[in-house]
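Worksheet for the structure shown next.
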Amino acid sequence: MLNKITQIGFRKVGEWYLDNQKPQLNIHEEAESSNILYSFVVDGIPKYIGKTTQPLKKRMYGYLNPGATQSTNIRNHQNILDALTTNSSIELYVLPDHGLLHFGEFHLNLAAGLEDSLIAKLSPAWNGGEPTETIKIQLGDTYYNKGFFNIPVAYQEQFGADGEEIEIYLGYSKTRVKGYINRTANTNETPRIMGGKEMTSWLNNHFEQGDVIYIAIKSSHAILIRNNSSQLQPA
């Protein structure tokens, strides 16, 4: 999806990082630009698209230090923290409006005109499109006891190549296991996530056979296993 925004002029101007377990941001360009569209791109996938009439630097400060009543800032601060904690890269892309578009004598606001269309077309997860990024899996006998599960064909392009390593985060703890992607087990080459004995043991300790788990896609090489309420606690 990244090419869909770069084709219309979005470009990278910064990146997020962790410092003492807190999100920080380097902005290399357009820090003082206002009336601007921006996107948080996580491991090459646009996860959030927003616009601001404030200078970009000031708007990003709201995500760094959200106020108690600023629900969007609080939510994205946590999204950014979660992604960075799982070793995902987060880049800041922008499309500035330098006042060059006009209809007659009237300036056309590029950010205001494009934001809704981009969100509707791309359905970024952090704008409310998360269901497209979450996979529902029922723990039948094989999945529950054998340490693997298959990814539905609709999601196969969001995962890496055969044999590549994948990090499996177990609930919202810092517990994770190293698995790998198997694209040869299924005839249609859809990914099979191999989690091994550690994942099997964790599933057995937290779920019953027949339960449903939800696989949140963090990146092409990282997933988070959770329950429906997103509140699964570690043992």
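Labeling convention for the structure tokens: chains A, B, ... as they appear, residues from 1 per chain, ligands from 1 in order of appearance.
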
Taking 5 positions as the minimum chain separation for residues in the same chain, which residues sit within 7 Å of range 17-23 of chain A when counting only C-alpha atoms? Answer as a compact mmCIF listing (two decimals) with N, CA and C atoms, in the first residue's frame.
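Here's the written file result15.txt:
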```txt
# COMPACT_ATOMS: atom_id res chain seq x y z
N LEU A 64 3.43 12.60 20.96
CA LEU A 64 4.50 12.34 21.91
C LEU A 64 4.05 12.51 23.35
N LEU A 81 3.84 3.10 20.49
CA LEU A 81 4.62 2.41 21.52
C LEU A 81 4.58 0.90 21.31
N LEU A 84 6.74 -0.06 18.21
CA LEU A 84 8.17 0.06 18.47
C LEU A 84 8.65 -1.02 19.43
```

For Glu164 in chain A: contacts at 9 Å, only C-alpha atoms, fewer than 4 positions along chain excluded, given as a ChimeraX atom specification: /A:160,179-182,221

As a compact mmCIF listing (two decimals) with C-alpha atoms, in the first residue's frame, list the residues of range 155-230 of chain A assigned to helix (DSSP H, G or I) by DSSP on the backbone atoms of this structure.
```txt
# COMPACT_ATOMS: atom_id res chain seq x y z
CA TYR A 155 -3.99 -12.29 4.30
CA GLN A 156 -1.20 -14.24 2.64
CA GLU A 157 0.46 -11.23 0.99
CA GLN A 158 0.99 -9.60 4.39
CA GLY A 196 6.65 -24.95 18.03
CA LYS A 197 6.49 -26.24 21.59
CA GLU A 198 6.68 -22.84 23.30
CA MET A 199 3.62 -21.49 21.50
CA THR A 200 1.76 -24.76 22.04
CA SER A 201 2.48 -24.68 25.77
CA TRP A 202 1.33 -21.06 26.03
CA LEU A 203 -1.90 -21.74 24.14
CA ASN A 204 -2.61 -24.77 26.33
CA ASN A 205 -2.12 -22.67 29.46
CA HIS A 206 -4.39 -19.81 28.33
```

Of the candidates A:Ala83, A:Ile36, A:Ile74, A:Leu118, which one gets nearest to Met1 in chain A if we count only C-alpha atoms? A:Leu118

For Asn65 in chain A, please output as a ChimeraX atom specification all residues within 12 Å (counting only C-alpha atoms; exclusion window: fewer than 2 positions along the same chain). /A:22-25,58-63,67-78

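Distance-wise, CA of Tyr48 in chain A and CA of Pro191 in chain A end up 26.0 Å apart.
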
Could you tell me how far CA of Ile8 in chain A lies from CA of Leu56 in chain A, in Å and to one decimal?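 Those two atoms sit 19.2 Å apart.
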
Selected residue, from A:Ser89, A:Ile49, A:Gly14, A:Val41, that lies nearest to Lys121 in chain A when counting only C-alpha atoms: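 Ranked by minimum distance to Lys121 in chain A, first place goes to A:Ile49.
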
Identify all residues of range 16-178 of chain A in strand (DSSP E) (DSSP on the backbone) and supply them as a PyMOL selection string. chain A and resi 16-19+22-27+36-42+45-52+90-96+102-103+106-107+134-138+148-150+165-170+176-178
